[in-house]
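**Student:** For reference, this is coords.pdb, and it has PDB, C-alpha atoms.
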```
ATOM      1  CA  MET A   1      10.102   1.263   0.983
ATOM      2  CA  SER A   2       9.780  -2.177   2.564
ATOM      3  CA  GLY A   3       7.337  -4.849   1.411
ATOM      4  CA  ALA A   4       5.235  -4.187   4.484
ATOM      5  CA  GLY A   5       5.151  -0.491   3.627
ATOM      6  CA  CYS A   6       4.055  -1.318   0.074
ATOM      7  CA  HIS A   7       1.140  -3.353   1.449
ATOM      8  CA  ARG A   8       0.050  -0.390   3.558
ATOM      9  CA  TRP A   9       0.044   1.881   0.516
ATOM     10  CA  LEU A  10      -1.722  -0.656  -1.660
ATOM     11  CA  LEU A  11      -4.562  -0.552   0.869
ATOM     12  CA  LEU A  12      -4.940   3.185   0.312
ATOM     13  CA  LEU A  13      -4.721   2.953  -3.487
ATOM     14  CA  LEU A  14      -7.444   0.316  -3.509
ATOM     15  CA  LEU A  15      -9.473   2.508  -1.179
ATOM     16  CA  ALA A  16      -9.191   5.384  -3.659
ATOM     17  CA  ALA A  17     -10.614   3.140  -6.369
ATOM     18  CA  ALA A  18     -13.494   2.058  -4.122
ATOM     19  CA  CYS A  19     -14.769   5.536  -3.194
ATOM     20  CA  ARG A  20     -18.506   6.248  -3.664
ATOM     21  CA  PRO A  21     -20.636   9.307  -2.744
ATOM     22  CA  CYS A  22     -21.864   9.590   0.869
ATOM     23  CA  PHE A  23     -22.597  12.315   3.395
ATOM     24  CA  SER A  24     -21.124  13.037   6.794
ATOM     25  CA  GLY A  25     -23.007  13.904   9.949
ATOM     26  CA  VAL A  26     -20.003  14.689  12.165
ATOM     27  CA  PRO A  27     -20.256  18.145  13.822
ATOM     28  CA  HIS A  28     -17.859  20.939  12.870
ATOM     29  CA  ALA A  29     -14.952  22.070  15.047
ATOM     30  CA  PRO A  30     -14.585  25.684  16.243
ATOM     31  CA  GLN A  31     -13.141  28.171  13.763
ATOM     32  CA  ARG A  32      -9.366  27.810  13.394
ATOM     33  CA  ARG A  33      -6.626  29.039  11.124
ATOM     34  CA  TRP A  34      -6.515  26.972   7.944
ATOM     35  CA  PRO A  35      -4.386  25.385   6.769
ATOM     36  CA  VAL A  36      -2.876  24.442  10.110
ATOM     37  CA  PRO A  37       0.702  25.842  10.002
ATOM     38  CA  TYR A  38       3.399  23.189   9.787
ATOM     39  CA  ARG A  39       5.321  23.132  13.059
ATOM     40  CA  ARG A  40       9.065  23.758  13.076
ATOM     41  CA  PHE A  41      11.394  22.710  15.880
ATOM     42  CA  ASP A  42      14.575  24.079  17.481
ATOM     43  CA  PHE A  43      16.584  20.921  16.788
ATOM     44  CA  ARG A  44      16.297  17.444  15.296
ATOM     45  CA  PRO A  45      15.889  14.693  17.924
ATOM     46  CA  LYS A  46      17.736  11.401  17.749
ATOM     47  CA  THR A  47      15.797   8.597  16.105
ATOM     48  CA  ASP A  48      14.556   5.679  18.179
ATOM     49  CA  PRO A  49      16.429   2.375  17.608
ATOM     50  CA  TYR A  50      13.039   0.700  17.092
ATOM     51  CA  CYS A  51      12.669   2.579  13.799
ATOM     52  CA  LYS A  52      14.424   0.660  11.068
ATOM     53  CA  ALA A  53      14.638   1.160   7.310
ATOM     54  CA  ARG A  54      14.875  -1.612   4.762
ATOM     55  CA  TYR A  55      16.783   0.778   2.515
ATOM     56  CA  THR A  56      19.421   2.882   4.283
ATOM     57  CA  PHE A  57      18.706   6.595   4.262
ATOM     58  CA  CYS A  58      21.135   8.645   2.156
ATOM     59  CA  PRO A  59      23.843   5.953   1.935
ATOM     60  CA  THR A  60      26.282   8.059  -0.128
ATOM     61  CA  GLY A  61      25.412  11.404   1.431
ATOM     62  CA  SER A  62      27.967  14.146   1.986
ATOM     63  CA  ALA A  63      28.129  17.700   3.271
ATOM     64  CA  ILE A  64      27.157  20.439   0.820
ATOM     65  CA  PRO A  65      30.440  21.881  -0.475
ATOM     66  CA  VAL A  66      31.377  25.545  -0.457
ATOM     67  CA  ILE A  67      31.483  26.645  -4.099
ATOM     68  CA  LYS A  68      33.692  29.407  -5.515
ATOM     69  CA  GLU A  69      31.562  32.519  -5.780
ATOM     70  CA  GLU A  70      32.514  33.112  -9.408
ATOM     71  CA  ASP A  71      31.399  29.604 -10.449
ATOM     72  CA  THR A  72      28.268  29.127 -12.570
ATOM     73  CA  ILE A  73      25.985  26.355 -11.344
ATOM     74  CA  GLU A  74      23.451  24.697 -13.624
ATOM     75  CA  VAL A  75      20.265  23.690 -11.782
ATOM     76  CA  TYR A  76      18.230  20.694 -12.984
ATOM     77  CA  ARG A  77      14.686  19.586 -12.235
ATOM     78  CA  LEU A  78      14.710  15.868 -11.414
ATOM     79  CA  GLN A  79      11.599  13.696 -11.197
ATOM     80  CA  ALA A  80      11.001   9.941 -11.395
ATOM     81  CA  PRO A  81       8.327   7.436 -10.319
ATOM     82  CA  VAL A  82       8.401   6.470  -6.645
ATOM     83  CA  TRP A  83      10.358   3.194  -6.143
ATOM     84  CA  GLU A  84      11.540   3.418  -9.770
ATOM     85  CA  PHE A  85      14.714   1.564  -8.768
ATOM     86  CA  LYS A  86      12.570  -1.473  -7.874
ATOM     87  CA  TYR A  87       9.360  -1.254  -9.930
ATOM     88  CA  GLY A  88      10.377   0.800 -12.960
ATOM     89  CA  ASP A  89       7.570   2.955 -14.357
ATOM     90  CA  LEU A  90       4.765   1.092 -12.525
ATOM     91  CA  LEU A  91       3.840   3.989 -10.220
ATOM     92  CA  GLY A  92       4.653   6.469 -12.982
ATOM     93  CA  HIS A  93       1.450   5.325 -14.700
ATOM     94  CA  LEU A  94      -0.400   6.489 -11.576
ATOM     95  CA  LYS A  95       1.620   9.740 -11.529
ATOM     96  CA  ILE A  96       3.048   8.960  -8.081
ATOM     97  CA  MET A  97       6.365  10.769  -8.502
ATOM     98  CA  HIS A  98       9.446  11.602  -6.436
ATOM     99  CA  ASP A  99      11.197  14.962  -6.859
ATOM    100  CA  ALA A 100      14.793  16.106  -6.456
ATOM    101  CA  VAL A 101      17.099  18.849  -7.719
ATOM    102  CA  GLY A 102      20.448  18.516  -9.478
ATOM    103  CA  PHE A 103      23.448  20.861  -9.714
ATOM    104  CA  ARG A 104      26.448  21.007 -12.033
ATOM    105  CA  SER A 105      29.546  23.120 -11.419
ATOM    106  CA  SER A 106      30.951  24.781 -14.547
ATOM    107  CA  LEU A 107      34.425  25.155 -12.979
ATOM    108  CA  THR A 108      34.870  21.587 -11.733
ATOM    109  CA  GLY A 109      32.379  19.679 -13.883
ATOM    110  CA  LYS A 110      31.082  17.912 -10.779
ATOM    111  CA  ASN A 111      27.405  16.994 -10.488
ATOM    112  CA  TYR A 112      25.333  16.851  -7.297
ATOM    113  CA  THR A 113      21.861  15.640  -6.316
ATOM    114  CA  MET A 114      19.735  16.972  -3.439
ATOM    115  CA  GLU A 115      16.447  15.506  -2.257
ATOM    116  CA  TRP A 116      14.275  15.212   0.858
ATOM    117  CA  TYR A 117      12.591  11.976   1.864
ATOM    118  CA  GLU A 118      11.618   9.584   4.658
ATOM    119  CA  LEU A 119      14.240   8.150   7.008
ATOM    120  CA  PHE A 120      12.275   4.903   7.437
ATOM    121  CA  GLN A 121      10.242   4.604   4.231
ATOM    122  CA  LEU A 122       6.872   6.052   3.331
ATOM    123  CA  GLY A 123       4.639   3.531   5.087
ATOM    124  CA  ASN A 124       6.221   4.300   8.463
ATOM    125  CA  CYS A 125       5.725   8.029   7.932
ATOM    126  CA  THR A 126       2.053   7.559   7.090
ATOM    127  CA  PHE A 127       0.937   4.939   9.603
ATOM    128  CA  PRO A 128       2.180   4.183  13.130
ATOM    129  CA  HIS A 129       3.260   0.977  14.834
ATOM    130  CA  LEU A 130       1.014  -0.412  17.572
ATOM    131  CA  ARG A 131       3.601  -1.831  19.942
ATOM    132  CA  PRO A 132       2.768  -4.310  22.727
ATOM    133  CA  GLY A 133       2.803  -2.657  26.135
ATOM    134  CA  MET A 134       2.507   0.867  24.708
ATOM    135  CA  ASP A 135      -0.800   2.721  24.845
ATOM    136  CA  ALA A 136       0.069   5.386  22.262
ATOM    137  CA  PRO A 137       0.758   4.624  18.591
ATOM    138  CA  PHE A 138       4.503   4.735  17.895
ATOM    139  CA  TRP A 139       5.643   6.841  14.930
ATOM    140  CA  CYS A 140       8.800   6.567  12.819
ATOM    141  CA  ASN A 141       8.016   9.622  10.730
ATOM    142  CA  GLN A 142      11.122  11.763  10.372
ATOM    143  CA  GLY A 143      12.197  13.025   6.962
ATOM    144  CA  ALA A 144      15.427  14.788   6.029
ATOM    145  CA  ALA A 145      17.481  16.279   3.217
ATOM    146  CA  CYS A 146      20.068  14.169   1.431
ATOM    147  CA  PHE A 147      22.912  15.676  -0.627
ATOM    148  CA  TYR A 148      25.397  13.577  -2.555
ATOM    149  CA  GLU A 149      27.838  13.832  -5.444
ATOM    150  CA  GLY A 150      26.671  12.665  -8.868
ATOM    151  CA  ILE A 151      23.417  12.572 -10.849
ATOM    152  CA  ASP A 152      22.066   9.174 -11.913
ATOM    153  CA  ASP A 153      21.084  10.181 -15.433
ATOM    154  CA  ALA A 154      19.492   6.833 -16.288
ATOM    155  CA  HIS A 155      17.306   6.856 -13.166
ATOM    156  CA  TRP A 156      15.851  10.308 -13.857
ATOM    157  CA  LYS A 157      15.715  10.198 -17.678
ATOM    158  CA  GLU A 158      14.333   6.727 -18.377
ATOM    159  CA  ASN A 159      10.885   7.164 -16.811
ATOM    160  CA  GLY A 160      11.003  10.727 -15.552
ATOM    161  CA  THR A 161      12.545  14.159 -16.013
ATOM    162  CA  LEU A 162      16.036  15.644 -16.087
ATOM    163  CA  VAL A 163      15.897  19.184 -17.466
ATOM    164  CA  LEU A 164      17.861  22.410 -16.989
ATOM    165  CA  ILE A 165      15.712  25.053 -15.295
ATOM    166  CA  THR A 166      18.133  27.850 -14.356
ATOM    167  CA  LYS A 167      21.740  28.884 -13.771
ATOM    168  CA  ILE A 168      22.975  30.492 -10.564
ATOM    169  CA  SER A 169      26.275  31.839  -9.248
ATOM    170  CA  GLY A 170      28.457  30.045  -6.729
ATOM    171  CA  ALA A 171      27.594  32.763  -4.212
ATOM    172  CA  MET A 172      23.876  32.034  -4.624
ATOM    173  CA  PHE A 173      24.514  28.305  -4.226
ATOM    174  CA  ASN A 174      26.361  28.923  -0.942
ATOM    175  CA  GLU A 175      23.490  31.040   0.379
ATOM    176  CA  MET A 176      21.067  28.287  -0.594
ATOM    177  CA  ALA A 177      23.214  25.770   1.316
ATOM    178  CA  LYS A 178      22.865  27.842   4.507
ATOM    179  CA  TRP A 179      19.097  27.874   4.071
ATOM    180  CA  VAL A 180      19.025  24.076   3.494
ATOM    181  CA  LYS A 181      20.799  23.562   6.828
ATOM    182  CA  TYR A 182      18.180  25.685   8.614
ATOM    183  CA  ASP A 183      15.273  24.053   6.801
ATOM    184  CA  ASN A 184      16.558  20.552   7.502
ATOM    185  CA  GLU A 185      17.199  21.131  11.203
ATOM    186  CA  THR A 186      13.797  22.678  11.922
ATOM    187  CA  GLY A 187      11.375  20.864   9.582
ATOM    188  CA  ILE A 188      11.820  17.268  10.685
ATOM    189  CA  TYR A 189       8.544  15.365  10.389
ATOM    190  CA  TYR A 190       7.189  13.941   7.147
ATOM    191  CA  GLU A 191       3.500  14.684   6.496
ATOM    192  CA  THR A 192       2.030  12.524   3.728
ATOM    193  CA  TRP A 193      -1.452  13.934   3.404
ATOM    194  CA  THR A 194      -2.891  17.092   1.961
ATOM    195  CA  VAL A 195      -6.381  17.486   3.450
ATOM    196  CA  GLN A 196      -8.981  19.757   1.877
ATOM    197  CA  ALA A 197     -12.717  20.335   1.798
ATOM    198  CA  SER A 198     -13.397  19.372  -1.835
ATOM    199  CA  PRO A 199     -11.685  18.745  -5.214
ATOM    200  CA  ASP A 200     -12.422  22.337  -6.277
ATOM    201  CA  LYS A 201      -9.211  24.312  -6.883
ATOM    202  CA  LYS A 202     -10.487  27.100  -4.609
ATOM    203  CA  SER A 203     -11.398  24.663  -1.849
ATOM    204  CA  VAL A 204     -10.313  25.258   1.753
ATOM    205  CA  VAL A 205      -7.091  23.406   2.551
ATOM    206  CA  TRP A 206      -7.138  22.076   6.109
ATOM    207  CA  PHE A 207      -3.596  20.608   6.154
ATOM    208  CA  ASP A 208      -0.659  20.849   3.749
ATOM    209  CA  SER A 209       1.624  17.894   3.149
ATOM    210  CA  TYR A 210       5.329  18.137   3.940
ATOM    211  CA  GLU A 211       7.226  15.763   1.677
ATOM    212  CA  CYS A 212       9.766  15.585  -1.152
ATOM    213  CA  SER A 213       7.995  17.879  -3.607
ATOM    214  CA  LYS A 214       7.396  20.574  -0.975
ATOM    215  CA  PHE A 215      11.119  20.638  -0.197
ATOM    216  CA  ILE A 216      11.907  21.099  -3.885
ATOM    217  CA  LEU A 217       9.309  23.871  -4.174
ATOM    218  CA  ARG A 218      10.827  25.634  -1.146
ATOM    219  CA  THR A 219      14.290  25.266  -2.677
ATOM    220  CA  TYR A 220      13.160  26.764  -5.985
ATOM    221  CA  GLN A 221      11.529  29.659  -4.119
ATOM    222  CA  LYS A 222      14.720  30.288  -2.147
ATOM    223  CA  LEU A 223      16.729  30.392  -5.376
ATOM    224  CA  ALA A 224      14.190  32.790  -6.885
ATOM    225  CA  ASP A 225      14.454  35.023  -3.816
ATOM    226  CA  LEU A 226      18.232  35.018  -4.262
ATOM    227  CA  GLY A 227      17.822  36.229  -7.848
ATOM    228  CA  ALA A 228      17.491  33.088  -9.988
ATOM    229  CA  THR A 229      15.399  33.381 -13.164
ATOM    230  CA  PHE A 230      13.777  30.118 -14.232
ATOM    231  CA  ASN A 231      13.236  28.805 -17.741
ATOM    232  CA  LYS A 232       9.624  28.637 -18.879
ATOM    233  CA  ILE A 233       8.714  24.966 -18.570
ATOM    234  CA  GLN A 234       5.719  23.185 -17.072
ATOM    235  CA  THR A 235       6.345  21.594 -13.670
ATOM    236  CA  ASN A 236       3.839  19.127 -12.188
ATOM    237  CA  TYR A 237       3.908  17.482  -8.768
ATOM    238  CA  THR A 238       2.099  14.631  -7.013
ATOM    239  CA  SER A 239      -0.244  15.216  -4.084
ATOM    240  CA  ILE A 240      -2.180  12.595  -2.142
ATOM    241  CA  ILE A 241      -5.352  14.303  -0.931
ATOM    242  CA  LEU A 242      -7.913  13.374   1.709
ATOM    243  CA  PHE A 243     -11.305  15.104   1.532
ATOM    244  CA  SER A 244     -13.144  15.958   4.715
ATOM    245  CA  GLY A 245     -15.400  18.384   6.474
ATOM    246  CA  GLU A 246     -13.846  20.774   8.982
ATOM    247  CA  PRO A 247     -11.356  18.826  11.127
ATOM    248  CA  ILE A 248     -11.842  18.423  14.868
ATOM    249  CA  TYR A 249      -8.840  18.831  17.170
ATOM    250  CA  LEU A 250      -8.459  15.920  19.606
ATOM    251  CA  GLY A 251      -5.222  16.522  21.519
ATOM    252  CA  ASN A 252      -1.648  15.282  21.760
ATOM    253  CA  GLU A 253      -0.188  11.985  22.948
ATOM    254  CA  THR A 254      -0.203  12.975  26.627
ATOM    255  CA  SER A 255      -3.733  14.382  26.721
ATOM    256  CA  ILE A 256      -5.182  11.348  24.907
ATOM    257  CA  PHE A 257      -3.008   8.401  25.957
ATOM    258  CA  GLY A 258      -1.530   9.659  29.247
ATOM    259  CA  PRO A 259      -2.654   8.706  32.781
ATOM    260  CA  LEU A 260      -5.405  11.336  32.692
ATOM    261  CA  GLY A 261      -6.225  10.772  29.030
ATOM    262  CA  ASN A 262      -9.442   9.853  27.275
ATOM    263  CA  LYS A 263      -9.445   6.048  27.264
ATOM    264  CA  THR A 264     -12.398   5.807  24.877
ATOM    265  CA  LEU A 265     -10.754   8.120  22.342
ATOM    266  CA  ALA A 266      -7.404   6.367  22.783
ATOM    267  CA  ALA A 267      -8.996   3.015  22.001
ATOM    268  CA  ALA A 268     -10.775   4.458  18.942
ATOM    269  CA  ILE A 269      -7.497   5.806  17.515
ATOM    270  CA  ARG A 270      -5.643   2.528  18.081
ATOM    271  CA  ASP A 271      -8.538   0.617  16.563
ATOM    272  CA  PHE A 272      -8.524   2.892  13.500
ATOM    273  CA  TYR A 273      -4.813   2.337  12.802
ATOM    274  CA  TYR A 274      -4.845  -1.423  13.433
ATOM    275  CA  PRO A 275      -5.902  -2.455   9.866
ATOM    276  CA  PHE A 276      -2.944  -0.493   8.415
ATOM    277  CA  LYS A 277      -0.422  -2.832  10.055
ATOM    278  CA  PRO A 278       1.957  -4.923   7.894
ATOM    279  CA  HIS A 279       0.242  -8.069   6.596
ATOM    280  CA  LYS A 280       1.529 -11.649   6.542
ATOM    281  CA  THR A 281      -1.128 -13.213   4.299
ATOM    282  CA  VAL A 282      -3.299 -12.169   1.356
ATOM    283  CA  ARG A 283      -6.423 -13.055   3.334
ATOM    284  CA  GLU A 284      -5.370 -10.790   6.193
ATOM    285  CA  PHE A 285      -4.719  -7.991   3.706
ATOM    286  CA  PHE A 286      -8.237  -8.118   2.217
ATOM    287  CA  VAL A 287      -9.934  -8.486   5.600
ATOM    288  CA  ASP A 288      -8.235  -5.276   6.735
ATOM    289  CA  LEU A 289      -9.002  -3.549   3.429
ATOM    290  CA  PHE A 290     -12.729  -4.067   4.043
ATOM    291  CA  LYS A 291     -12.317  -2.714   7.564
ATOM    292  CA  ILE A 292     -10.679   0.432   6.172
ATOM    293  CA  ILE A 293     -13.444   0.890   3.588
ATOM    294  CA  ASP A 294     -16.016   0.515   6.357
ATOM    295  CA  ARG A 295     -14.317   3.134   8.533
ATOM    296  CA  VAL A 296     -13.286   5.705   5.953
ATOM    297  CA  ILE A 297     -16.092   5.502   3.380
ATOM    298  CA  LEU A 298     -19.138   4.059   5.135
ATOM    299  CA  ASN A 299     -18.566   5.697   8.525
ATOM    300  CA  HIS A 300     -16.639   8.767   7.263
ATOM    301  CA  GLU A 301     -13.845   8.455   9.845
ATOM    302  CA  PHE A 302     -10.158   9.228   9.628
ATOM    303  CA  TYR A 303      -7.714  10.033  12.421
ATOM    304  CA  LEU A 304      -4.885  12.302  11.289
ATOM    305  CA  PHE A 305      -1.568  12.750  13.095
ATOM    306  CA  TYR A 306      -0.096  16.172  12.277
ATOM    307  CA  ASN A 307       2.408  18.307  14.209
ATOM    308  CA  LEU A 308       2.522  15.552  16.883
ATOM    309  CA  GLU A 309      -1.217  16.048  17.481
ATOM    310  CA  TYR A 310      -4.323  14.066  16.584
ATOM    311  CA  TRP A 311      -7.292  15.320  14.575
ATOM    312  CA  PHE A 312     -10.573  13.738  13.559
ATOM    313  CA  LEU A 313     -11.482  14.111   9.881
ATOM    314  CA  PRO A 314     -15.198  13.749   8.981
ATOM    315  CA  MET A 315     -14.511  12.198   5.591
ATOM    316  CA  LYS A 316     -16.583  12.935   2.499
ATOM    317  CA  PHE A 317     -16.656  12.115  -1.208
ATOM    318  CA  PRO A 318     -14.366  11.551  -3.048
ATOM    319  CA  TYR A 319     -12.480  10.638   0.174
ATOM    320  CA  LEU A 320      -9.031  10.062  -1.357
ATOM    321  CA  LYS A 321      -7.407  11.125  -4.606
ATOM    322  CA  VAL A 322      -3.928  11.130  -6.139
ATOM    323  CA  VAL A 323      -3.423  14.245  -8.274
ATOM    324  CA  TYR A 324      -0.576  15.338 -10.526
ATOM    325  CA  GLU A 325      -0.982  19.063 -11.004
ATOM    326  CA  GLU A 326       1.083  21.966 -12.236
ATOM    327  CA  VAL A 327       2.795  24.290  -9.773
ATOM    328  CA  PRO A 328       4.595  26.982 -11.802
ATOM    329  CA  LEU A 329       8.243  27.754 -11.214
ATOM    330  CA  PRO A 330       8.505  30.723  -8.842
ATOM    331  CA  VAL A 331       9.484  34.329  -9.208
ATOM    332  CA  GLY A 332      11.573  36.136  -6.607
ATOM    333  CA  SER A 333      10.209  38.141  -3.707
ATOM    334  CA  LYS A 334      11.679  41.040  -1.788
ATOM    335  CA  THR A 335      11.295  39.129   1.476
ATOM    336  CA  SER A 336      13.489  36.026   1.399
ATOM    337  CA  SER A 337      12.018  32.807   2.824
ATOM    338  CA  GLY A 338      13.912  30.762   5.384
ATOM    339  CA  VAL A 339      16.151  32.232   8.050
TER     340      VAL A 339
END
```
Show me this structure written as structure tokens.

**Tutor:**
Amino acid sequence: MSGAGCHRWLLLLLLAAACRPCFSGVPHAPQRRWPVPYRRFDFRPKTDPYCKARYTFCPTGSAIPVIKEEDTIEVYRLQAPVWEFKYGDLLGHLKIMHDAVGFRSSLTGKNYTMEWYELFQLGNCTFPHLRPGMDAPFWCNQGAACFYEGIDDAHWKENGTLVLITKISGAMFNEMAKWVKYDNETGIYYETWTVQASPDKKSVVWFDSYECSKFILRTYQKLADLGATFNKIQTNYTSIILFSGEPIYLGNETSIFGPLGNKTLAAAIRDFYYPFKPHKTVREFFVDLFKIIDRVILNHEFYLFYNLEYWFLPMKFPYLKVVYEEVPLPVGSKTSSGV
């Protein structure tokens, strides 16, 4: 993640620390299906040249190999702090973790790593660019799977987790590879936020995130559906949660920012995202931080972009929280997920 992206996320972490109780007076939206289903697409579009990453996406990536069916593949849970390669265990103390899965072939001895993450770093997936001459916010928010040979033992072990969770056959691995291709070609946009009504475990979830840990959870479930039996270990994952009343649907880019769009709403959305821009000075950073606190906490406002559509979130206490909670390893089902 670039320095600018780090500044954007530091704003949100400071906001989480600043949260205080308040109440929202925003009216409720009509009854909808919750959580809003994540939208899948028929194909992955080409990325816009404007979107650039400081760190190249999947620089050593390769195609998933076809494994001999009689092979035995060890499957490893991999987890380490976000940006561990740059900041060590700094974000590990906040339990902001990145997840991946590792494989080892018994026949060849080769190791492989598979993960899913942002093409243009996390800040770009979470907040848009406000480009001169463009009415609508511009998003660089694609995510994708990355598969490459080798497992960086030091990276995963030093401040995180590298542990064997199951063994599968080569035939099961090949079936999983087909599912990964489908999943990667149809689930293309990174969604940072989980949005729910309250911190209660039985609370209504308005929106589910779609990020690295969710890809790993889907992969584990696919392996379980194919017949894998997992070892009994505790598995925790990071979620970044916004808390709001019932969300209000606003529209898509065309209906809001197009020629016949709502100019007042369009201006409000652009104005909301403006303080999340990259910052050049410390003073600018803190000025925008106070603007965000005013909007999100004092005025209970948040504009969410999900499935290429905009929603208004009537925010409420505790507003924002980073949680690191257990999600048990799955058991198989008779109906296989995926294709």

**Student:** For the structure provided, state which residues fall under the PyMOL selection byres ((chain A and resi 131-143) around 9), and present them as a VMD selection string.

**Tutor:** chain A and resid 47 to 48 50 to 52 116 to 130 144 to 145 184 187 to 191 211 to 212 253 to 254 256 to 258 266 to 267 269 to 270 273

**Student:** Give me the result of the PyMOL selection byres ((chain A and resi 300) around 7) on this file, residue by residue, as number ranges by chain.

**Tutor:** A: 24, 295-299, 301-302, 314-316

**Student:** Given the choices A:Tyr220, A:Tyr76, A:Trp34, A:Phe147, which gets closest to Ser62 of chain A if the distance is worked out from only C-alpha atoms?

**Tutor:**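 Nearest to Ser62 of chain A: A:Phe147.
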
**Student:** Tell me which protein, DNA and RNA residues are within 10 Å of Asp183 of chain A, counting all atoms listed in the file, leaving out same-chain ones fewer than 5 positions away, and put them as number ranges by chain.

**Tutor:** A: 40-41, 144-145, 177-178, 188, 215, 218-219, 338-339

**Student:** Give as a PDB file with C-alpha atoms, keeping the file's coordinate frame the set of residues within 9 Å of the point (-13.0, 14.8, 22.3), where distances use the file's coordinates and all atoms listed in the file.

**Tutor:**
```
ATOM      1  CA  ILE A 248     -11.842  18.423  14.868  1.00  0.00           C
ATOM      2  CA  TYR A 249      -8.840  18.831  17.170  1.00  0.00           C
ATOM      3  CA  LEU A 250      -8.459  15.920  19.606  1.00  0.00           C
ATOM      4  CA  GLY A 251      -5.222  16.522  21.519  1.00  0.00           C
ATOM      5  CA  ILE A 256      -5.182  11.348  24.907  1.00  0.00           C
ATOM      6  CA  ASN A 262      -9.442   9.853  27.275  1.00  0.00           C
ATOM      7  CA  LEU A 265     -10.754   8.120  22.342  1.00  0.00           C
TER       8      LEU A 265
END
```

**Student:** Segment 192-195 of chain A: which residues within 10 Å, counting only C-alpha atoms, same-chain residues fewer than 2 positions away excluded, as JSON, numbers by chain?

**Tutor:** {"A": [35, 122, 123, 125, 126, 127, 141, 189, 190, 197, 198, 204, 205, 206, 207, 208, 209, 210, 211, 212, 239, 240, 241, 242, 243, 244, 245, 246, 247, 304, 305, 306, 313, 315, 319, 320, 321]}
